[in-house]
>>> print(open('input_0.pdb').read())   # PDB, C-alpha atoms, pLDDT in the B column
ATOM      1  CA  MET S   1       0.000   0.000   0.000  1.00 78.00           C
ATOM      2  CA  GLU S   2       2.919   2.371   0.642  1.00 83.00           C
ATOM      3  CA  GLN S   3       3.910   2.295  -3.026  1.00 86.00           C
ATOM      4  CA  GLU S   4       0.339   2.983  -4.077  1.00 84.00           C
ATOM      5  CA  LEU S   5       0.051   5.891  -1.631  1.00 87.00           C
ATOM      6  CA  TYR S   6       3.314   7.292  -2.953  1.00 87.00           C
ATOM      7  CA  ALA S   7       2.095   7.089  -6.569  1.00 86.00           C
ATOM      8  CA  LEU S   8      -1.237   8.693  -5.651  1.00 87.00           C
ATOM      9  CA  GLY S   9       0.666  11.477  -3.927  1.00 88.00           C
ATOM     10  CA  LEU S  10       2.650  12.178  -7.082  1.00 88.00           C
ATOM     11  CA  VAL S  11      -0.562  13.020  -8.967  1.00 88.00           C
ATOM     12  CA  HIS S  12      -2.247  14.613  -5.913  1.00 89.00           C
ATOM     13  CA  ALA S  13      -5.201  12.212  -5.981  1.00 89.00           C
ATOM     14  CA  GLU S  14      -5.657  11.912  -2.210  1.00 90.00           C
ATOM     15  CA  GLU S  15      -8.451  14.484  -1.842  1.00 90.00           C
ATOM     16  CA  TYR S  16     -10.174  13.105  -4.924  1.00 92.00           C
ATOM     17  CA  LEU S  17     -10.402   9.601  -3.453  1.00 92.00           C
ATOM     18  CA  LEU S  18     -11.554  10.971  -0.093  1.00 93.00           C
ATOM     19  CA  ALA S  19     -14.320  12.924  -1.856  1.00 93.00           C
ATOM     20  CA  VAL S  20     -15.468   9.844  -3.790  1.00 93.00           C
ATOM     21  CA  ALA S  21     -15.451   7.737  -0.620  1.00 93.00           C
ATOM     22  CA  ASP S  22     -17.389  10.426   1.253  1.00 94.00           C
ATOM     23  CA  MET S  23     -20.051  10.634  -1.457  1.00 93.00           C
ATOM     24  CA  LYS S  24     -20.475   6.855  -1.583  1.00 93.00           C
ATOM     25  CA  GLN S  25     -20.696   6.560   2.196  1.00 94.00           C
ATOM     26  CA  GLN S  26     -23.288   9.328   2.440  1.00 93.00           C
ATOM     27  CA  LEU S  27     -25.505   7.690  -0.169  1.00 93.00           C
ATOM     28  CA  GLU S  28     -25.141   4.262   1.436  1.00 92.00           C
ATOM     29  CA  GLU S  29     -26.098   5.709   4.815  1.00 93.00           C
ATOM     30  CA  SER S  30     -29.203   7.110   3.113  1.00 91.00           C
ATOM     31  CA  GLY S  31     -30.157   3.600   1.996  1.00 90.00           C
ATOM     32  CA  TYR S  32     -28.835   3.521  -1.554  1.00 89.00           C
ATOM     33  CA  VAL S  33     -27.107   0.420  -2.883  1.00 87.00           C
ATOM     34  CA  PHE S  34     -23.819   0.086  -4.764  1.00 89.00           C
ATOM     35  CA  ALA S  35     -22.239  -2.914  -6.414  1.00 84.00           C
ATOM     36  CA  ASP S  36     -18.540  -3.547  -6.042  1.00 75.00           C
ATOM     37  CA  SER S  37     -16.502  -0.949  -7.906  1.00 66.00           C
ATOM     38  CA  GLU S  38     -15.697  -1.608 -11.536  1.00 71.00           C
ATOM     39  CA  GLY S  39     -12.589  -1.146 -13.597  1.00 78.00           C
ATOM     40  CA  ARG S  40      -9.109  -0.518 -12.280  1.00 84.00           C
ATOM     41  CA  ALA S  41     -10.211   0.691  -8.846  1.00 85.00           C
ATOM     42  CA  ARG S  42     -10.808  -2.944  -7.891  1.00 85.00           C
ATOM     43  CA  ALA S  43      -7.028  -3.389  -7.833  1.00 85.00           C
ATOM     44  CA  SER S  44      -6.515  -0.572  -5.317  1.00 85.00           C
ATOM     45  CA  LEU S  45      -5.835  -1.286  -1.654  1.00 89.00           C
ATOM     46  CA  VAL S  46      -6.396   2.393  -0.898  1.00 89.00           C
ATOM     47  CA  CYS S  47      -9.854   2.326  -2.495  1.00 88.00           C
ATOM     48  CA  HIS S  48     -10.659  -0.803  -0.519  1.00 90.00           C
ATOM     49  CA  ALA S  49      -9.487   0.783   2.739  1.00 91.00           C
ATOM     50  CA  LEU S  50     -11.625   3.870   2.054  1.00 92.00           C
ATOM     51  CA  GLY S  51     -14.724   1.784   1.327  1.00 91.00           C
ATOM     52  CA  ILE S  52     -14.871   2.700  -2.354  1.00 91.00           C
ATOM     53  CA  THR S  53     -14.498  -0.967  -3.278  1.00 89.00           C
ATOM     54  CA  GLN S  54     -15.792  -3.944  -1.329  1.00 87.00           C
ATOM     55  CA  THR S  55     -13.464  -6.798  -2.261  1.00 83.00           C
ATOM     56  CA  ASN S  56      -9.871  -6.920  -1.051  1.00 85.00           C
ATOM     57  CA  PRO S  57      -7.728  -6.884  -4.222  1.00 80.00           C
ATOM     58  CA  MET S  58      -5.153  -9.124  -2.542  1.00 83.00           C
ATOM     59  CA  GLU S  59      -7.780 -11.866  -2.367  1.00 81.00           C
ATOM     60  CA  LEU S  60      -8.272 -11.480  -6.119  1.00 74.00           C
ATOM     61  CA  GLY S  61      -4.545 -11.524  -6.822  1.00 77.00           C
ATOM     62  CA  MET S  62      -4.646  -8.033  -8.325  1.00 78.00           C
ATOM     63  CA  SER S  63      -1.693  -5.678  -8.419  1.00 75.00           C
ATOM     64  CA  ALA S  64      -2.145  -2.026  -7.446  1.00 67.00           C
ATOM     65  CA  GLY S  65      -0.230  -1.176 -10.607  1.00 74.00           C
ATOM     66  CA  ARG S  66      -3.446  -1.775 -12.526  1.00 79.00           C
ATOM     67  CA  PHE S  67      -4.964   1.211 -10.716  1.00 83.00           C
ATOM     68  CA  ILE S  68      -1.971   3.533 -10.748  1.00 84.00           C
ATOM     69  CA  ASN S  69       1.513   2.830 -12.052  1.00 80.00           C
ATOM     70  CA  GLY S  70       4.258   4.128  -9.781  1.00 77.00           C
ATOM     71  CA  ARG S  71       6.721   4.455 -12.668  1.00 81.00           C
ATOM     72  CA  ASN S  72       4.382   6.484 -14.852  1.00 84.00           C
ATOM     73  CA  PRO S  73       1.504   7.611 -12.611  1.00 83.00           C
ATOM     74  CA  LYS S  74      -1.609   9.066 -14.196  1.00 87.00           C
ATOM     75  CA  PHE S  75      -4.588  10.483 -12.361  1.00 89.00           C
ATOM     76  CA  PRO S  76      -6.986   7.594 -11.696  1.00 88.00           C
ATOM     77  CA  VAL S  77     -10.666   7.508 -12.608  1.00 89.00           C
ATOM     78  CA  VAL S  78     -13.018   5.648 -10.270  1.00 92.00           C
ATOM     79  CA  THR S  79     -16.162   4.027 -11.675  1.00 91.00           C
ATOM     80  CA  LEU S  80     -19.025   3.185  -9.313  1.00 92.00           C
ATOM     81  CA  ARG S  81     -22.165   1.245 -10.177  1.00 90.00           C
ATOM     82  CA  GLY S  82     -25.232   1.885  -8.064  1.00 89.00           C
ATOM     83  CA  GLU S  83     -28.945   1.360  -8.359  1.00 87.00           C
ATOM     84  CA  SER S  84     -30.669   3.025 -11.299  1.00 87.00           C
ATOM     85  CA  GLY S  85     -31.214   6.752 -10.887  1.00 88.00           C
ATOM     86  CA  ILE S  86     -28.313   7.197  -8.488  1.00 91.00           C
ATOM     87  CA  ALA S  87     -26.172   9.407 -10.761  1.00 91.00           C
ATOM     88  CA  PRO S  88     -28.130  12.665 -10.204  1.00 91.00           C
ATOM     89  CA  LEU S  89     -28.193  11.920  -6.473  1.00 92.00           C
ATOM     90  CA  ALA S  90     -24.415  11.494  -6.421  1.00 92.00           C
ATOM     91  CA  LEU S  91     -24.020  14.780  -8.289  1.00 90.00           C
ATOM     92  CA  LYS S  92     -26.360  16.508  -5.828  1.00 91.00           C
ATOM     93  CA  VAL S  93     -24.457  15.174  -2.811  1.00 92.00           C
ATOM     94  CA  MET S  94     -21.101  16.280  -4.182  1.00 91.00           C
ATOM     95  CA  ARG S  95     -22.385  19.711  -5.158  1.00 88.00           C
ATOM     96  CA  GLU S  96     -23.854  20.265  -1.712  1.00 88.00           C
ATOM     97  CA  ARG S  97     -20.622  19.172  -0.060  1.00 87.00           C
ATOM     98  CA  TYR S  98     -18.004  20.652  -2.394  1.00 83.00           C
ATOM     99  CA  GLY S  99     -19.653  22.610  -5.173  1.00 69.00           C
ATOM    100  CA  GLU S 100     -20.737  25.918  -3.691  1.00 62.00           C
ATOM    101  CA  GLU S 101     -17.997  27.721  -5.625  1.00 69.00           C
ATOM    102  CA  GLY S 102     -18.033  25.575  -8.750  1.00 82.00           C
ATOM    103  CA  HIS S 103     -15.766  22.723  -7.673  1.00 89.00           C
ATOM    104  CA  VAL S 104     -18.103  20.034  -9.047  1.00 92.00           C
ATOM    105  CA  ALA S 105     -19.741  19.801 -12.477  1.00 91.00           C
ATOM    106  CA  PRO S 106     -20.914  17.078 -14.855  1.00 92.00           C
ATOM    107  CA  THR S 107     -19.495  16.685 -18.327  1.00 92.00           C
ATOM    108  CA  VAL S 108     -21.496  16.985 -21.525  1.00 90.00           C
ATOM    109  CA  GLU S 109     -21.868  14.697 -24.504  1.00 88.00           C
ATOM    110  CA  TYR S 110     -22.001  15.999 -28.059  1.00 85.00           C
ATOM    111  CA  VAL S 111     -24.157  14.191 -30.600  1.00 83.00           C
ATOM    112  CA  LYS S 112     -22.796  14.568 -34.114  1.00 79.00           C
ATOM    113  CA  TYR S 113     -24.888  15.029 -37.228  1.00 76.00           C
ATOM    114  CA  GLY S 114     -23.835  11.867 -38.989  1.00 74.00           C
ATOM    115  CA  LEU S 115     -24.124  11.516 -42.739  1.00 70.00           C
ATOM    116  CA  ALA S 116     -27.890  11.021 -43.013  1.00 71.00           C
ATOM    117  CA  LYS S 117     -28.793  14.033 -40.846  1.00 74.00           C
ATOM    118  CA  ALA S 118     -26.170  16.149 -42.592  1.00 72.00           C
ATOM    119  CA  ILE S 119     -27.746  15.308 -45.943  1.00 71.00           C
ATOM    120  CA  ARG S 120     -31.199  16.292 -44.700  1.00 72.00           C
ATOM    121  CA  ALA S 121     -29.934  19.550 -43.208  1.00 72.00           C
ATOM    122  CA  VAL S 122     -27.861  20.686 -46.183  1.00 69.00           C
ATOM    123  CA  SER S 123     -30.296  19.601 -48.884  1.00 68.00           C
ATOM    124  CA  GLY S 124     -33.126  21.291 -46.985  1.00 68.00           C
ATOM    125  CA  ALA S 125     -31.122  24.515 -46.812  1.00 69.00           C
ATOM    126  CA  LEU S 126     -30.628  24.319 -50.586  1.00 66.00           C
ATOM    127  CA  GLY S 127     -34.328  23.779 -51.184  1.00 65.00           C
ATOM    128  CA  GLN S 128     -33.848  20.176 -52.259  1.00 61.00           C
ATOM    129  CA  GLN S 129     -35.516  17.040 -50.994  1.00 57.00           C
ATOM    130  CA  HIS S 130     -33.515  13.848 -50.566  1.00 53.00           C
ATOM    131  CA  ASP S 131     -34.948  10.767 -48.936  1.00 53.00           C
ATOM    132  CA  VAL S 132     -32.063   9.080 -47.128  1.00 52.00           C
ATOM    133  CA  SER S 133     -34.267   6.710 -45.171  1.00 51.00           C
ATOM    134  CA  SER S 134     -33.801   4.017 -47.817  1.00 47.00           C
ATOM    135  CA  GLY S 135     -30.114   3.770 -46.973  1.00 49.00           C
ATOM    136  CA  ALA S 136     -26.868   3.686 -48.904  1.00 49.00           C
ATOM    137  CA  GLU S 137     -28.339   3.854 -52.412  1.00 51.00           C
ATOM    138  CA  ALA S 138     -30.156   7.135 -51.803  1.00 52.00           C
ATOM    139  CA  ILE S 139     -27.123   8.559 -50.037  1.00 53.00           C
ATOM    140  CA  GLY S 140     -24.876   7.497 -52.909  1.00 55.00           C
ATOM    141  CA  ASP S 141     -27.100   9.203 -55.480  1.00 56.00           C
ATOM    142  CA  TRP S 142     -27.130  12.408 -53.483  1.00 52.00           C
ATOM    143  CA  MET S 143     -23.358  12.387 -52.997  1.00 54.00           C
ATOM    144  CA  HIS S 144     -22.832  12.579 -56.771  1.00 57.00           C
ATOM    145  CA  ASP S 145     -23.871  16.230 -56.602  1.00 59.00           C
ATOM    146  CA  GLU S 146     -20.632  18.182 -57.114  1.00 58.00           C
ATOM    147  CA  ARG S 147     -21.685  20.939 -54.714  1.00 59.00           C
ATOM    148  CA  LEU S 148     -22.292  18.548 -51.847  1.00 62.00           C
ATOM    149  CA  ARG S 149     -19.732  15.792 -52.349  1.00 62.00           C
ATOM    150  CA  ASP S 150     -17.653  16.663 -49.286  1.00 68.00           C
ATOM    151  CA  VAL S 151     -20.635  16.879 -46.914  1.00 65.00           C
ATOM    152  CA  GLU S 152     -19.491  13.872 -44.872  1.00 61.00           C
ATOM    153  CA  ASP S 153     -16.152  15.421 -43.976  1.00 66.00           C
ATOM    154  CA  ARG S 154     -17.405  18.962 -43.486  1.00 73.00           C
ATOM    155  CA  ILE S 155     -20.813  18.496 -41.872  1.00 75.00           C
ATOM    156  CA  ALA S 156     -21.286  14.941 -40.605  1.00 74.00           C
ATOM    157  CA  GLN S 157     -18.788  15.380 -37.753  1.00 74.00           C
ATOM    158  CA  PHE S 158     -20.248  18.678 -36.578  1.00 77.00           C
ATOM    159  CA  PRO S 159     -22.026  18.593 -33.203  1.00 74.00           C
ATOM    160  CA  GLN S 160     -25.787  18.725 -33.668  1.00 75.00           C
ATOM    161  CA  ARG S 161     -26.787  18.907 -30.007  1.00 78.00           C
ATOM    162  CA  ARG S 162     -25.410  18.324 -26.542  1.00 81.00           C
ATOM    163  CA  PHE S 163     -26.728  16.907 -23.307  1.00 84.00           C
ATOM    164  CA  VAL S 164     -25.437  16.747 -19.740  1.00 87.00           C
ATOM    165  CA  ARG S 165     -24.043  13.439 -18.472  1.00 88.00           C
ATOM    166  CA  GLU S 166     -24.904  13.498 -14.777  1.00 88.00           C
ATOM    167  CA  GLY S 167     -22.992  10.259 -14.235  1.00 89.00           C
ATOM    168  CA  SER S 168     -19.678  11.739 -15.405  1.00 93.00           C
ATOM    169  CA  ILE S 169     -18.628  14.185 -12.692  1.00 93.00           C
ATOM    170  CA  VAL S 170     -15.539  16.407 -12.681  1.00 93.00           C
ATOM    171  CA  LEU S 171     -14.069  17.355  -9.289  1.00 90.00           C
ATOM    172  CA  SER S 172     -11.532  20.022  -8.458  1.00 87.00           C
ATOM    173  CA  ALA S 173      -9.969  21.518  -5.351  1.00 84.00           C
ATOM    174  CA  ARG S 174      -9.945  24.849  -7.203  1.00 86.00           C
ATOM    175  CA  PRO S 175     -12.973  26.457  -8.873  1.00 88.00           C
ATOM    176  CA  LEU S 176     -13.379  24.857 -12.286  1.00 88.00           C
ATOM    177  CA  SER S 177     -13.859  28.256 -13.919  1.00 87.00           C
ATOM    178  CA  GLU S 178     -10.184  29.049 -13.227  1.00 86.00           C
ATOM    179  CA  PHE S 179      -8.884  26.538 -15.751  1.00 83.00           C
ATOM    180  CA  THR S 180     -11.707  25.193 -17.904  1.00 84.00           C
ATOM    181  CA  SER S 181     -14.807  26.397 -19.735  1.00 87.00           C
ATOM    182  CA  LEU S 182     -18.240  25.995 -18.197  1.00 90.00           C
ATOM    183  CA  ILE S 183     -21.592  26.148 -19.956  1.00 87.00           C
ATOM    184  CA  GLN S 184     -25.063  26.766 -18.601  1.00 85.00           C
ATOM    185  CA  GLN S 185     -27.950  24.768 -19.984  1.00 78.00           C
ATOM    186  CA  VAL S 186     -31.429  26.193 -20.548  1.00 79.00           C
ATOM    187  CA  ASP S 187     -32.584  24.610 -17.283  1.00 78.00           C
ATOM    188  CA  GLY S 188     -29.783  26.373 -15.395  1.00 79.00           C
ATOM    189  CA  THR S 189     -27.546  23.312 -15.062  1.00 80.00           C
ATOM    190  CA  VAL S 190     -23.851  24.207 -15.147  1.00 87.00           C
ATOM    191  CA  ALA S 191     -21.529  21.686 -16.784  1.00 90.00           C
ATOM    192  CA  VAL S 192     -17.970  21.418 -18.031  1.00 91.00           C
ATOM    193  CA  ALA S 193     -17.871  22.267 -21.736  1.00 89.00           C
ATOM    194  CA  PHE S 194     -16.047  19.041 -22.641  1.00 89.00           C
ATOM    195  CA  ASP S 195     -17.063  15.421 -22.975  1.00 89.00           C
ATOM    196  CA  SER S 196     -15.670  12.744 -20.676  1.00 88.00           C
ATOM    197  CA  HIS S 197     -12.923  11.627 -23.078  1.00 88.00           C
ATOM    198  CA  THR S 198     -11.622  15.178 -23.492  1.00 88.00           C
ATOM    199  CA  CYS S 199     -11.660  15.698 -19.721  1.00 87.00           C
ATOM    200  CA  THR S 200      -9.525  12.585 -19.328  1.00 85.00           C
ATOM    201  CA  GLU S 201      -7.081  13.823 -21.969  1.00 84.00           C
ATOM    202  CA  LEU S 202      -6.877  17.189 -20.186  1.00 84.00           C
ATOM    203  CA  GLY S 203      -6.239  15.472 -16.855  1.00 83.00           C
ATOM    204  CA  LEU S 204      -9.396  16.752 -15.155  1.00 87.00           C
ATOM    205  CA  PRO S 205     -10.285  14.544 -12.141  1.00 90.00           C
ATOM    206  CA  ARG S 206     -13.502  12.681 -12.863  1.00 92.00           C
ATOM    207  CA  VAL S 207     -15.675   9.961 -11.328  1.00 92.00           C
ATOM    208  CA  ASN S 208     -18.110   7.778 -13.279  1.00 92.00           C
ATOM    209  CA  ILE S 209     -21.451   6.839 -11.726  1.00 92.00           C
ATOM    210  CA  LEU S 210     -23.315   4.058 -13.530  1.00 89.00           C
ATOM    211  CA  GLY S 211     -26.857   2.891 -12.831  1.00 84.00           C
ATOM    212  CA  SER S 212     -28.136  -0.676 -12.604  1.00 81.00           C
ATOM    213  CA  THR S 213     -31.789  -1.711 -12.698  1.00 78.00           C
ATOM    214  CA  ALA S 214     -30.770  -5.137 -11.365  1.00 75.00           C
ATOM    215  CA  LEU S 215     -29.474  -3.549  -8.158  1.00 69.00           C
ATOM    216  CA  ALA S 216     -32.696  -1.594  -7.761  1.00 57.00           C
ATOM    217  CA  ARG S 217     -34.769  -4.768  -8.206  1.00 62.00           C
ATOM    218  CA  SER S 218     -32.621  -6.644  -5.713  1.00 62.00           C
ATOM    219  CA  LYS S 219     -33.018  -3.835  -3.190  1.00 58.00           C
ATOM    220  CA  ASN S 220     -36.790  -3.736  -3.694  1.00 53.00           C
ATOM    221  CA  LYS S 221     -36.998  -7.506  -3.263  1.00 48.00           C
ATOM    222  CA  ARG S 222     -35.085  -7.374   0.016  1.00 53.00           C
ATOM    223  CA  GLN S 223     -37.337  -4.588   1.269  1.00 50.00           C
ATOM    224  CA  PHE S 224     -40.410  -6.598   0.251  1.00 36.00           C
ATOM    225  CA  ASP S 225     -39.118  -9.746   1.972  1.00 45.00           C
ATOM    226  CA  THR S 226     -38.692  -7.888   5.262  1.00 49.00           C
ATOM    227  CA  LEU S 227     -42.438  -7.258   5.334  1.00 40.00           C
ATOM    228  CA  PHE S 228     -43.178 -10.966   5.815  1.00 42.00           C
TER     229      PHE S 228
END
>>> encode(input="input_0.pdb", output="structure tokens")
Amino acid sequence: MEQELYALGLVHAEEYLLAVADMKQQLEESGYVFADSEGRARASLVCHALGITQTNPMELGMSAGRFINGRNPKFPVVTLRGESGIAPLALKVMRERYGEEGHVAPTVEYVKYGLAKAIRAVSGALGQQHDVSSGAEAIGDWMHDERLRDVEDRIAQFPQRRFVREGSIVLSARPLSEFTSLIQQVDGTVAVAFDSHTCTELGLPRVNILGSTALARSKNKRQFDTLF
């Protein structure tokens, strides 16, 4: 564990793991259910000691190097799986505890046009009608138009819309506005202006919260069984 603690100290991940453990504990004390942690965190003795994971990685024969490599340490990302609908609750807990000055925010996801939607949008703007619902043949005919041949490269990869991913949460000891862009949705929700992959590339600390209907059913069954 000493080597793992040393590696975590090199990337300053101590407060991050404490915040994740605190959020998980608070939700569990409120009656919410989590499965054992997924991904590389299962190999971490520190995560196990903090209660982030349930199974001792030594019993599984896992090396802490799978979670963080002491020779080339990179900031870890913890993934938790809880009952369905738990992601917005986790975000709420972390915002109430740490986010008064913008230390916590979800990421966004950008949905690209894709070729079919790009064809509809561009042809509509040009006053043309092209039915792309029939698939590749209709698309191929339309692409023979010299004016529109490069639509796939120029339009198809453009973002068409975005939505907030409440289960992908960025944490920071400093206000996020000091070093990254934030956006405000129509409903007032503030989010980081990048998707989860970009946040990872930028080194922004992030925790993933996944939902499971199976866990919710299991919890409901146990609650039902206690009535009899």
>>> resolve_selection(input="input_0.pdb", expression="the PyMOL selection byres ((chain S and resi 37-44) around 6)", output="VMD selection string")
chain S and resid 36 45 to 47 53 57 62 to 64 66 to 67 78 to 80
>>> write_last_selection(input="input_0.pdb", atoms="C-alpha atoms", output="PDB file, in the coordinates of the input")
ATOM      1  CA  ASP S  36     -18.540  -3.547  -6.042  1.00 75.00           C
ATOM      2  CA  LEU S  45      -5.835  -1.286  -1.654  1.00 89.00           C
ATOM      3  CA  VAL S  46      -6.396   2.393  -0.898  1.00 89.00           C
ATOM      4  CA  CYS S  47      -9.854   2.326  -2.495  1.00 88.00           C
ATOM      5  CA  THR S  53     -14.498  -0.967  -3.278  1.00 89.00           C
ATOM      6  CA  PRO S  57      -7.728  -6.884  -4.222  1.00 80.00           C
ATOM      7  CA  MET S  62      -4.646  -8.033  -8.325  1.00 78.00           C
ATOM      8  CA  SER S  63      -1.693  -5.678  -8.419  1.00 75.00           C
ATOM      9  CA  ALA S  64      -2.145  -2.026  -7.446  1.00 67.00           C
ATOM     10  CA  ARG S  66      -3.446  -1.775 -12.526  1.00 79.00           C
ATOM     11  CA  PHE S  67      -4.964   1.211 -10.716  1.00 83.00           C
ATOM     12  CA  VAL S  78     -13.018   5.648 -10.270  1.00 92.00           C
ATOM     13  CA  THR S  79     -16.162   4.027 -11.675  1.00 91.00           C
ATOM     14  CA  LEU S  80     -19.025   3.185  -9.313  1.00 92.00           C
TER      15      LEU S  80
END
>>> resolve_selection(input="input_0.pdb", expression="the PyMOL selection byres ((chain S and resi 184) around 12)", output="number ranges by chain")
S: 105-108, 162-164, 181-183, 185-193
>>> closest_residue(input="input_0.pdb", among="S:Lys117, S:Val93, S:Tyr32, S:Gly102", to="S:Thr180", atoms="all atoms listed in the file")
S:Gly102
>>> atom_distance(input="input_0.pdb", atom1="atom CA of S:Gly211", atom2="atom CA of S:Gly31")
15.2 Å
>>> closest_residue(input="input_0.pdb", among="S:His12, S:Val104, S:Met1, S:Thr213", to="S:Ile86", atoms="all atoms listed in the file")
S:Thr213
>>> residues_around(input="input_0.pdb", residues="S:His197", least_positions_apart="5", cutoff="12 Å", atoms="only C-alpha atoms", output="ChimeraX atom specification")
/S:77,107-110,168,170,202-206,208
>>> write_last_selection(input="input_0.pdb", atoms="C-alpha atoms", output="compact mmCIF listing (two decimals), in the coordinates of the input")
# COMPACT_ATOMS: atom_id res chain seq x y z
CA VAL S 77 -10.67 7.51 -12.61
CA THR S 107 -19.50 16.68 -18.33
CA VAL S 108 -21.50 16.98 -21.52
CA GLU S 109 -21.87 14.70 -24.50
CA TYR S 110 -22.00 16.00 -28.06
CA SER S 168 -19.68 11.74 -15.40
CA VAL S 170 -15.54 16.41 -12.68
CA LEU S 202 -6.88 17.19 -20.19
CA GLY S 203 -6.24 15.47 -16.86
CA LEU S 204 -9.40 16.75 -15.16
CA PRO S 205 -10.28 14.54 -12.14
CA ARG S 206 -13.50 12.68 -12.86
CA ASN S 208 -18.11 7.78 -13.28
>>> residues_around(input="input_0.pdb", residues="S:Ala35", least_positions_apart="5", cutoff="9 Å", atoms="only C-alpha atoms", output="PyMOL selection string")
chain S and resi 53-54+80-83+212+215
>>> write_last_selection(input="input_0.pdb", atoms="C-alpha atoms", output="PDB file, keeping the file's coordinate frame")
ATOM      1  CA  THR S  53     -14.498  -0.967  -3.278  1.00 89.00           C
ATOM      2  CA  GLN S  54     -15.792  -3.944  -1.329  1.00 87.00           C
ATOM      3  CA  LEU S  80     -19.025   3.185  -9.313  1.00 92.00           C
ATOM      4  CA  ARG S  81     -22.165   1.245 -10.177  1.00 90.00           C
ATOM      5  CA  GLY S  82     -25.232   1.885  -8.064  1.00 89.00           C
ATOM      6  CA  GLU S  83     -28.945   1.360  -8.359  1.00 87.00           C
ATOM      7  CA  SER S 212     -28.136  -0.676 -12.604  1.00 81.00           C
ATOM      8  CA  LEU S 215     -29.474  -3.549  -8.158  1.00 69.00           C
TER       9      LEU S 215
END
>>> closest_residue(input="input_0.pdb", among="S:Ser84, S:Gln157, S:Asn69, S:Ser172", to="S:His103", atoms="all atoms listed in the file")
S:Ser172
>>> residues_around(input="input_0.pdb", residues="S:Ala13", least_positions_apart="2", cutoff="10 Å", atoms="only C-alpha atoms", output="list in words")
Leu5, Ala7, Leu8, Gly9, Leu10, Val11, Glu15, Tyr16, Leu17, Leu18, Lys74, Phe75, Pro76, Val77 and Pro205 of chain S
>>> closest_residue(input="input_0.pdb", among="S:Gln160, S:Ser196, S:Asn56, S:Gln3", to="S:Gly114", atoms="all atoms listed in the file")
S:Gln160
>>> axis_aligned_box(input="input_0.pdb", around="stretch 166-185 of chain S", padding_each_side="8 Å", output="AutoDock Vina command-line options")
--center_x -18.4 --center_y 19.7 --center_z -12.7 --size_x 35.1 --size_y 34.8 --size_z 30.6
